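File shown: coords23.txt (compact mmCIF, C-alpha atoms and all ligand atoms).
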```
# COMPACT_ATOMS: atom_id res chain seq x y z
CA MET A 1 121.43 66.56 58.31
CA ARG A 2 118.97 68.79 56.54
CA VAL A 3 119.19 72.54 57.17
CA THR A 4 115.52 72.65 58.17
CA THR A 5 116.21 70.01 60.85
CA LEU A 6 119.09 72.11 62.14
CA LEU A 7 116.87 75.22 62.17
CA ARG A 8 114.15 73.34 63.98
CA ALA A 9 116.60 72.27 66.67
CA LEU A 10 118.03 75.81 66.94
CA LEU A 11 114.72 77.65 67.12
CA GLY A 12 113.29 75.21 69.66
CA LEU A 13 109.66 75.74 68.68
CA LYS A 14 107.22 73.15 69.95
CA HIS A 15 104.51 71.70 67.71
CA THR A 16 106.01 73.53 64.77
CA ARG A 17 107.40 72.34 61.45
CA VAL A 18 110.18 74.19 59.65
CA LEU A 19 109.63 74.38 55.91
CA GLY A 20 112.52 76.50 54.67
CA PHE A 21 114.35 79.77 55.07
CA ARG A 22 115.59 82.85 53.26
CA PHE A 23 117.79 85.81 54.12
CA THR A 24 116.71 89.42 53.72
CA GLU A 25 118.92 92.48 54.18
CA SER A 26 118.10 92.58 57.87
CA GLU A 27 117.22 89.11 59.06
CA LEU A 28 116.87 85.39 58.65
CA VAL A 29 113.27 84.52 57.76
CA VAL A 30 112.22 80.98 58.55
CA ALA A 31 109.07 79.56 56.98
CA VAL A 32 107.11 77.50 59.51
CA LYS A 33 103.71 75.89 59.98
CA PRO A 34 101.84 74.35 62.90
CA ALA A 35 102.46 70.61 63.25
CA LYS A 36 98.75 69.87 63.60
CA ARG A 37 96.82 69.38 60.37
CA SER A 38 93.60 71.07 61.42
CA SER A 39 93.15 74.69 62.40
CA PHE A 40 92.05 75.87 65.81
CA CYS A 41 90.38 79.11 66.87
CA SER A 42 92.68 81.57 68.70
CA GLY A 43 89.70 82.76 70.74
CA CYS A 44 88.58 79.53 72.35
CA GLY A 45 91.00 76.87 71.15
CA GLY A 46 88.28 74.82 69.46
CA ARG A 47 88.66 73.25 66.03
CA ALA A 48 87.35 75.60 63.34
CA PRO A 49 86.91 75.42 59.56
CA ARG A 50 89.30 77.46 57.43
CA TYR A 51 88.23 80.53 55.56
CA ASP A 52 91.09 82.33 53.83
CA ARG A 53 94.71 83.01 54.62
CA ARG A 54 97.25 85.81 54.73
CA ARG A 55 101.00 85.96 55.26
CA ARG A 56 102.26 87.07 58.68
CA GLU A 57 105.62 87.47 60.40
CA TRP A 58 106.68 87.06 64.02
CA GLN A 59 109.87 88.34 65.58
CA HIS A 60 111.74 85.49 67.30
CA LEU A 61 114.84 85.49 69.49
CA ASP A 62 118.10 86.25 67.70
CA VAL A 63 120.34 83.33 66.78
CA CYS A 64 123.99 84.28 67.39
CA GLY A 65 123.02 87.95 67.23
CA LEU A 66 121.24 87.58 63.92
CA ALA A 67 117.61 88.73 63.86
CA VAL A 68 115.19 85.89 63.16
CA ALA A 69 111.62 86.16 61.94
CA LEU A 70 109.10 83.37 61.41
CA GLU A 71 106.73 83.51 58.45
CA TYR A 72 103.53 81.62 57.87
CA GLU A 73 100.31 82.12 55.97
CA THR A 74 97.80 82.17 58.80
CA TRP A 75 94.29 80.92 58.21
CA ARG A 76 91.30 82.93 59.13
CA VAL A 77 88.81 80.50 60.61
CA GLU A 78 85.08 80.58 61.13
CA CYS A 79 84.52 79.53 64.74
CA ARG A 80 81.07 78.49 65.88
CA ARG A 81 81.52 80.30 69.18
CA CYS A 82 83.75 83.27 68.29
CA GLY A 83 82.84 84.05 64.68
CA VAL A 84 85.63 84.83 62.21
CA THR A 85 88.99 84.79 64.00
CA THR A 86 92.57 83.91 63.15
CA GLU A 87 93.84 80.42 63.77
CA MET A 88 95.88 79.66 66.87
CA VAL A 89 99.61 79.18 66.21
CA PRO A 90 101.74 77.26 68.70
CA TRP A 91 104.63 79.77 68.71
CA ALA A 92 102.80 83.03 69.47
CA ALA A 93 99.80 84.61 71.20
CA ALA A 94 96.82 85.77 69.19
CA GLY A 95 97.38 89.27 67.88
CA SER A 96 101.08 89.38 68.75
CA GLY A 97 103.86 89.98 66.24
CA PHE A 98 106.37 88.25 68.58
CA THR A 99 106.92 84.64 69.59
CA HIS A 100 106.22 83.43 73.15
CA ALA A 101 109.95 82.91 73.71
CA PHE A 102 110.72 86.48 72.59
CA GLU A 103 107.97 87.95 74.77
CA GLU A 104 109.13 86.07 77.84
CA VAL A 105 112.70 87.35 77.51
CA VAL A 106 111.29 90.89 77.19
CA ALA A 107 109.21 90.39 80.34
CA TYR A 108 112.18 88.90 82.21
CA LEU A 109 114.30 91.93 81.38
CA ALA A 110 111.50 94.44 82.11
CA GLN A 111 111.16 92.86 85.55
CA ARG A 112 114.80 93.57 86.34
CA THR A 113 116.30 96.36 84.34
CA ASP A 114 115.83 99.83 82.91
CA LYS A 115 113.91 100.97 79.85
CA THR A 116 116.90 101.64 77.61
CA THR A 117 118.44 98.23 78.20
CA VAL A 118 115.22 96.40 77.37
CA SER A 119 114.49 98.47 74.26
CA THR A 120 118.03 98.34 72.95
CA MET A 121 118.67 94.66 73.62
CA MET A 122 115.41 93.49 72.13
CA ALA A 123 115.29 96.21 69.41
CA ILE A 124 111.72 97.24 70.19
CA ALA A 125 110.06 100.48 71.35
CA TRP A 126 109.25 100.88 75.06
CA LYS A 127 105.57 101.22 74.17
CA THR A 128 105.77 97.77 72.55
CA VAL A 129 107.34 96.43 75.76
CA GLY A 130 104.18 97.60 77.54
CA LEU A 131 101.95 95.60 75.20
CA ILE A 132 104.17 92.52 75.45
CA ILE A 133 104.16 92.46 79.25
CA GLN A 134 100.38 92.80 79.25
CA ARG A 135 100.22 89.55 77.29
CA VAL A 136 102.89 87.77 79.35
CA VAL A 137 101.29 88.71 82.68
CA GLY A 138 97.92 87.58 81.32
CA ARG A 139 99.43 84.30 80.15
CA LEU A 140 101.76 83.39 83.04
CA GLY A 141 100.15 85.24 85.95
CA PRO A 142 97.61 83.51 88.19
CA LYS A 143 94.01 83.85 87.05
CA ASP A 144 93.03 84.79 90.60
CA ARG A 145 95.25 86.66 93.06
CA LEU A 146 92.56 87.33 95.63
CA GLY A 147 92.57 84.11 97.68
CA GLY A 148 93.28 84.08 101.42
CA LEU A 149 93.46 87.83 101.99
CA LYS A 150 93.25 88.94 105.63
CA ARG A 151 95.11 92.22 105.98
CA ILE A 152 95.25 94.53 102.97
CA GLY A 153 96.29 98.06 102.07
CA ILE A 154 94.41 100.19 99.56
CA ASP A 155 96.32 103.11 98.14
CA GLU A 156 96.14 105.45 95.19
CA LEU A 157 99.03 106.06 92.87
CA SER A 158 99.40 108.90 90.39
CA TYR A 159 101.10 108.54 87.04
CA ARG A 160 101.51 110.64 83.90
CA ARG A 161 102.79 113.59 85.90
CA HIS A 162 100.00 113.23 88.44
CA HIS A 163 97.15 113.64 85.98
CA GLU A 164 95.88 110.09 86.23
CA TYR A 165 95.50 107.51 88.97
CA VAL A 166 95.38 103.82 89.63
CA THR A 167 94.25 102.20 92.87
CA VAL A 168 96.60 99.50 94.19
CA VAL A 169 95.61 96.80 96.68
CA THR A 170 98.48 95.11 98.57
CA ASP A 171 98.38 91.99 100.72
CA HIS A 172 100.19 92.97 103.93
CA ASP A 173 100.93 89.34 104.79
CA SER A 174 102.57 88.25 101.53
CA GLY A 175 103.82 91.75 100.63
CA ARG A 176 102.40 91.34 97.14
CA VAL A 177 100.24 93.52 94.97
CA VAL A 178 96.99 91.64 94.39
CA TRP A 179 94.74 94.07 92.51
CA VAL A 180 95.22 97.23 90.44
CA SER A 181 92.69 99.25 88.50
CA PRO A 182 92.43 102.71 86.92
CA GLY A 183 90.72 105.37 89.06
CA LYS A 184 90.82 106.41 92.72
CA ASP A 185 87.20 107.01 93.66
CA ALA A 186 84.77 105.02 95.80
CA ALA A 187 83.51 103.18 92.72
CA THR A 188 87.04 101.89 92.04
CA VAL A 189 87.33 100.46 95.56
CA LEU A 190 83.85 98.96 95.34
CA ARG A 191 84.94 97.23 92.13
CA PHE A 192 87.73 95.56 94.07
CA PHE A 193 85.28 94.22 96.66
CA ALA A 194 82.97 93.06 93.86
CA ASP A 195 85.89 91.10 92.35
CA LEU A 196 86.68 89.71 95.79
CA GLY A 197 83.09 88.59 96.36
CA PRO A 198 81.10 88.63 99.61
CA GLU A 199 82.58 85.46 101.13
CA ARG A 200 86.20 86.51 100.79
CA THR A 201 85.36 90.09 101.77
CA ALA A 202 83.98 88.73 105.04
CA GLN A 203 87.42 87.16 105.72
CA ILE A 204 89.20 90.53 105.55
CA GLU A 205 90.25 91.56 109.04
CA MET A 206 92.14 94.77 108.52
CA ILE A 207 92.38 97.44 105.82
CA THR A 208 94.87 100.30 105.72
CA ILE A 209 93.65 103.37 103.82
CA ASP A 210 94.13 107.11 103.76
CA MET A 211 91.48 109.37 105.28
CA SER A 212 89.86 110.27 101.95
CA ASN A 213 86.08 110.10 101.90
CA ALA A 214 86.16 107.96 98.76
CA PHE A 215 88.12 105.15 100.43
CA LYS A 216 86.39 105.47 103.82
CA SER A 217 82.89 105.32 102.39
CA ALA A 218 83.66 102.43 100.04
CA VAL A 219 85.26 100.36 102.82
CA ALA A 220 82.42 101.16 105.24
CA GLU A 221 79.90 100.04 102.64
CA ALA A 222 81.63 96.91 101.35
CA ALA A 223 83.54 95.62 104.38
CA PRO A 224 81.83 97.05 107.47
CA ASN A 225 83.35 94.41 109.77
CA ALA A 226 86.98 94.99 108.82
CA GLN A 227 89.13 97.09 111.15
CA VAL A 228 90.09 100.30 109.38
CA VAL A 229 93.68 101.47 109.96
CA PHE A 230 94.50 104.97 108.78
CA ASP A 231 97.79 105.16 107.02
CA ARG A 232 100.42 106.84 109.13
CA PHE A 233 101.89 108.73 106.20
CA HIS A 234 98.58 110.49 105.59
CA VAL A 235 98.07 111.37 109.25
CA GLN A 236 101.52 112.94 109.47
CA ARG A 237 101.01 114.66 106.14
CA LEU A 238 98.16 116.66 107.71
CA ALA A 239 100.51 118.11 110.33
CA HIS A 240 103.26 118.72 107.76
CA ASP A 241 100.87 120.69 105.56
CA ALA A 242 99.50 122.65 108.52
CA LEU A 243 103.02 123.56 109.61
CA ASP A 244 103.85 124.77 106.12
CA LYS A 245 100.69 126.86 106.09
CA VAL A 246 101.64 128.54 109.38
CA ARG A 247 105.14 129.20 108.04
CA ARG A 248 103.79 130.82 104.87
CA GLU A 249 101.38 132.98 106.94
CA GLN A 250 104.28 134.14 109.07
CA VAL A 251 106.30 135.03 105.97
CA ARG A 252 103.36 137.14 104.75
CA GLU A 253 102.72 138.73 108.16
CA LEU A 254 106.35 139.68 108.61
CA ALA A 255 106.86 140.83 105.00
CA GLY A 256 109.58 143.46 104.70
CA THR A 257 111.24 142.71 108.04
CA ASP A 258 114.45 140.76 108.67
CA ASP A 259 112.39 138.15 110.47
CA ALA A 260 110.52 137.31 107.23
CA ALA A 261 113.74 136.31 105.49
CA ALA A 262 114.78 134.26 108.52
CA VAL A 263 111.44 132.43 108.61
CA LYS A 264 111.59 131.73 104.89
CA LYS A 265 114.89 129.94 105.32
CA THR A 266 113.49 127.59 107.94
CA ARG A 267 111.28 125.61 105.57
CA PHE A 268 113.46 122.53 105.28
CA ALA A 269 114.66 122.54 108.86
CA LEU A 270 111.02 122.53 110.00
CA GLN A 271 110.09 119.63 107.77
CA LYS A 272 113.00 117.35 108.53
CA ASN A 273 112.93 114.56 111.05
CA PRO A 274 114.88 115.57 114.16
CA TRP A 275 117.58 112.93 113.58
CA ASN A 276 118.32 114.41 110.16
CA LEU A 277 118.91 117.95 111.36
CA SER A 278 122.27 119.50 110.60
CA GLN A 279 124.03 121.98 112.90
CA SER A 280 122.72 124.90 110.86
CA ASP A 281 119.19 123.45 111.00
CA HIS A 282 119.46 123.36 114.80
CA GLU A 283 120.50 127.00 114.82
CA LYS A 284 117.59 127.99 112.58
CA LEU A 285 115.16 126.18 114.86
CA ALA A 286 116.65 127.85 117.93
CA ASP A 287 116.10 131.19 116.17
CA VAL A 288 112.48 130.29 115.49
CA GLN A 289 112.06 129.32 119.14
CA ARG A 290 113.33 132.74 120.25
CA SER A 291 111.69 134.94 117.64
CA ASN A 292 108.48 133.32 116.44
CA LYS A 293 106.29 131.66 119.04
CA LYS A 294 103.51 130.71 116.63
CA LEU A 295 105.76 128.97 114.18
CA TYR A 296 107.62 127.18 116.95
CA ARG A 297 104.34 126.00 118.45
CA ALA A 298 103.36 124.62 115.03
CA TYR A 299 106.71 122.85 114.79
CA LEU A 300 106.26 121.25 118.21
CA LEU A 301 102.74 120.11 117.30
CA LYS A 302 104.07 118.39 114.18
CA GLU A 303 106.94 116.71 116.04
CA THR A 304 104.77 115.61 118.96
CA LEU A 305 102.24 113.98 116.64
CA ALA A 306 105.05 111.98 115.02
CA ASP A 307 106.23 110.91 118.51
CA ILE A 308 102.75 109.73 119.43
CA LEU A 309 102.55 107.63 116.27
CA ASP A 310 105.88 106.03 117.18
CA ARG A 311 104.39 104.66 120.41
CA ARG A 312 103.45 101.02 120.67
CA GLN A 313 101.18 101.04 123.73
CA VAL A 314 97.67 101.88 122.63
CA ASN A 315 96.50 103.22 126.01
CA VAL A 316 99.44 105.59 126.30
CA ALA A 317 98.96 106.68 122.69
CA ARG A 318 95.24 107.21 123.30
CA ASP A 319 95.93 109.57 126.22
CA LYS A 320 98.67 111.40 124.35
CA LEU A 321 96.56 111.76 121.22
CA GLY A 322 93.68 113.15 123.31
CA GLU A 323 96.08 115.70 124.84
CA TRP A 324 97.41 116.56 121.41
CA VAL A 325 93.91 117.14 120.01
CA GLY A 326 93.17 119.52 122.90
CA TRP A 327 96.50 121.33 122.55
CA ALA A 328 96.02 121.77 118.78
CA ALA A 329 92.44 123.01 119.33
CA ARG A 330 93.71 125.70 121.75
CA SER A 331 96.78 126.54 119.67
CA GLN A 332 95.21 129.61 118.03
CA LEU A 333 96.60 128.25 114.76
CA PRO A 334 93.61 127.72 112.43
CA ALA A 335 95.50 125.20 110.31
CA PHE A 336 96.16 123.00 113.36
CA GLN A 337 92.66 123.51 114.73
CA LYS A 338 91.42 121.93 111.52
CA VAL A 339 93.87 119.02 111.86
CA SER A 340 92.71 118.61 115.46
CA ARG A 341 89.11 118.11 114.31
CA THR A 342 90.15 115.65 111.60
CA ILE A 343 92.24 113.59 114.02
CA ARG A 344 89.51 113.59 116.66
CA ALA A 345 87.07 112.23 114.05
CA HIS A 346 89.53 109.49 113.03
CA THR A 347 90.98 108.58 116.43
CA GLU A 348 90.11 104.87 116.42
CA GLY A 349 91.61 104.23 112.97
CA ILE A 350 94.76 106.16 113.92
CA LEU A 351 95.15 104.19 117.17
CA ALA A 352 94.65 101.01 115.15
CA TYR A 353 97.94 101.90 113.47
CA VAL A 354 99.62 102.15 116.87
CA ALA A 355 98.19 98.74 117.80
CA THR A 356 99.12 96.94 114.57
CA GLY A 357 102.01 98.90 113.07
CA LEU A 358 100.35 98.37 109.69
CA SER A 359 100.60 101.12 107.12
CA ASN A 360 100.80 101.52 103.40
CA GLY A 361 104.42 102.53 103.94
CA ARG A 362 104.90 104.91 101.06
CA ALA A 363 108.50 105.49 101.95
CA GLU A 364 109.56 101.85 102.14
CA GLY A 365 108.74 98.36 100.96
CA MET A 366 106.25 97.42 98.30
CA ASN A 367 104.67 100.83 97.98
CA ALA A 368 107.99 102.51 97.31
CA LYS A 369 108.75 99.83 94.73
CA VAL A 370 105.43 100.41 92.99
CA ARG A 371 106.19 104.13 92.91
CA THR A 372 109.58 103.56 91.31
CA ILE A 373 107.96 101.35 88.69
CA THR A 374 105.50 104.10 87.86
CA LYS A 375 108.38 106.36 86.92
CA ARG A 376 109.56 103.73 84.44
CA SER A 377 106.12 103.59 82.86
CA TYR A 378 106.43 107.00 81.15
CA GLY A 379 105.98 106.33 77.46
CA PHE A 380 103.49 103.54 77.97
CA HIS A 381 100.15 104.04 76.33
CA GLY A 382 97.19 104.02 78.75
CA PRO A 383 97.02 102.48 82.23
CA TRP A 384 97.03 98.78 81.29
CA SER A 385 100.72 98.54 80.49
CA LEU A 386 101.56 100.24 83.81
CA ILE A 387 99.24 97.83 85.60
CA ALA A 388 100.91 94.86 83.87
CA LEU A 389 104.34 96.21 84.88
CA ILE A 390 103.19 96.50 88.52
CA PHE A 391 101.99 92.87 88.47
CA LEU A 392 105.14 91.79 86.66
CA CYS A 393 107.40 93.33 89.30
CA CYS A 394 105.32 93.26 92.51
CA SER A 395 103.16 90.13 92.53
CA GLY A 396 105.84 87.46 92.83
CA LEU A 397 105.53 86.40 89.18
CA VAL A 398 108.35 84.09 88.03
CA ILE A 399 109.21 84.26 84.33
CA PRO A 400 110.82 80.93 83.40
CA LEU A 401 113.70 81.49 81.00
CA GLN A 402 114.35 78.60 78.66
CA HIS A 403 117.84 77.17 78.66
CA ARG A 404 117.36 74.42 76.15
CA VAL A 405 119.36 71.29 75.42
CA PRO A 406 119.32 69.63 71.99
CA ASP A 407 116.27 67.40 71.57
CA LEU A 408 118.09 64.23 70.50
CA THR A 409 114.87 62.35 69.83
CA VAL A 410 114.06 64.50 66.80
CA LEU A 411 117.64 64.88 65.55
CA PRO A 412 119.12 62.25 63.28
CA PRO A 413 122.24 60.59 64.74
ZN ZN A 501 86.50 80.22 69.01
```

Spit out the file's structure as structure tokens when you get a sec.
Ligand SMILES: [Zn+2]
Amino acid sequence: MRVTTLLRALLGLKHTRVLGFRFTESELVVAVKPAKRSSFCSGCGGRAPRYDRRRREWQHLDVCGLAVALEYETWRVECRRCGVTTEMVPWAAAGSGFTHAFEEVVAYLAQRTDKTTVSTMMAIAWKTVGLIIQRVVGRLGPKDRLGGLKRIGIDELSYRRHHEYVTVVTDHDSGRVVWVSPGKDAATVLRFFADLGPERTAQIEMITIDMSNAFKSAVAEAAPNAQVVFDRFHVQRLAHDALDKVRREQVRELAGTDDAAAVKKTRFALQKNPWNLSQSDHEKLADVQRSNKKLYRAYLLKETLADILDRRQVNVARDKLGEWVGWAARSQLPAFQKVSRTIRAHTEGILAYVATGLSNGRAEGMNAKVRTITKRSYGFHGPWSLIALIFLCCSGLVIPLQHRVPDLTVLPP
């Protein structure tokens, strides 16, 4: 058997001829060429006349731990539609220095494991991983993820230490991310509805969002018939922030007294959920109850709001929420008076949460997963690699790994 035949069987490249090989200090370099005689444009796939050529290399999967590169003198072609482009090669994507097989292993690993493992195993920089998964998601992902949407969540996500944002749209029914784009303003959300188109937008029944004006106005404009559900996390956040404001005011007001120090120490006890309180937390809260009426009132307001949101009967929740709004308005705590006005203005959307139980669920499920992925994206360049990683990990994409068997039809007996 000829060595080139053996190499062809080992490398497993379709529509590719193996011409020869050489060893360098670091790798095995295999000379290849496309099996087809004519050249085809990498832009549109059409046949295109040749122009000139230059030598290029592609990193392929290791063979028995030995690095393997493919080399070929690629033609530049003059396409009628695309102008001067490079010819399409069967083993790699246009513009990539890696073979399809290599890129798919990288994507498979990036879907499942940490940065260091991917970079070390594949001997490439993490930034390069970002570019590779952009290509793989573009190649293997569905061209359209927006079919059949009925109940969706729109949420913003910060990355790069909270300096930049992407907007993420999740399908509540499939649990998959269906759309991601840089930005978090109304224009970003309107772009989503433009991609969705008027017919499919009309099919949307329910949308969970936060209470930001950007999201509210965009949804009201683009999908006026959809039921808006305000995300529970954001509603509770308002009360958390108001409570913290009251606590900080009390620390200032009591400055210099023993009570100030006592109030300062209550921060975490006040924020915790009741079922997470330790014995010492309970004691601190009992102290607050005795010594600081304002702060204790703020604490009760926060806890009661959480209780109301736990309810499942809309009529009961409606009454309780109305009582809460009145209580907060009379609380003489400016921070809670402001929350009271906000909640009164958003009552229907908040009760829609009670009725449906739908929320963007930052603490659990898909949203938490997306947030973890964002942490892994440090080191990526620009938002597109992060977006590809989100689709790779959160849209149900299956990366088929090749486990090949010898192709006996091309091997001599
Ligand atoms: Zn073309």

Can I get the residues close to ligand ZN 501 (chain A) as a PyMOL selection string, where close means within 7 Å and we count all atoms listed in the file?
-> chain A and resi 41-46+79-83

Could those selected residues go to a file with C-alpha atoms, as a PDB file, in the coordinates of the input?
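Below you can see again35.pdb, which holds the result:
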```
ATOM      1  CA  CYS A  41      90.380  79.110  66.870  1.00  0.00           C
ATOM      2  CA  SER A  42      92.680  81.570  68.700  1.00  0.00           C
ATOM      3  CA  GLY A  43      89.700  82.760  70.740  1.00  0.00           C
ATOM      4  CA  CYS A  44      88.580  79.530  72.350  1.00  0.00           C
ATOM      5  CA  GLY A  45      91.000  76.870  71.150  1.00  0.00           C
ATOM      6  CA  GLY A  46      88.280  74.820  69.460  1.00  0.00           C
ATOM      7  CA  CYS A  79      84.520  79.530  64.740  1.00  0.00           C
ATOM      8  CA  ARG A  80      81.070  78.490  65.880  1.00  0.00           C
ATOM      9  CA  ARG A  81      81.520  80.300  69.180  1.00  0.00           C
ATOM     10  CA  CYS A  82      83.750  83.270  68.290  1.00  0.00           C
ATOM     11  CA  GLY A  83      82.840  84.050  64.680  1.00  0.00           C
TER      12      GLY A  83
END
```

Rounded to one decimal in Å, what is the spacing between atom CA of A:Ile350 and atom CA of A:Gly175?
-> 21.6 Å

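The nearest approach to A:Leu401 among the residues A:Gly95, A:Leu28, A:Val106, A:Ala48, with all atoms listed in the file taken into account, belongs to A:Val106.
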
Would you list the contacts of stretch 293-307 of chain A as a PyMOL selection string, taking every protein, DNA or RNA residue within 10 Å and counting all atoms listed in the file, but skipping same-chain residues closer than 2 positions in sequence?
-> chain A and resi 232-233+235-250+263+269-274+285-291+309-311+317+320-321+324-325+327-328+331-333+335-336

Separation of atom CA of A:Leu358 from atom CA of A:Arg341 in Å | 23.2 Å

Might you pull out every residue within 9 Å of stretch 402-411 of chain A, with all atoms listed in the file counted and same-chain residues fewer than 4 positions away left off, and present them as number ranges by chain?
-> A: 1, 5-6, 9-10, 12, 101, 105

Residues near A:Val228, cut-off 12 Å, only C-alpha atoms, skip fewer than 3 positions along chain, as a PyMOL selection string = chain A and resi 151-154+204-211+215-220+223-225+231+346-353+355-356+358-359
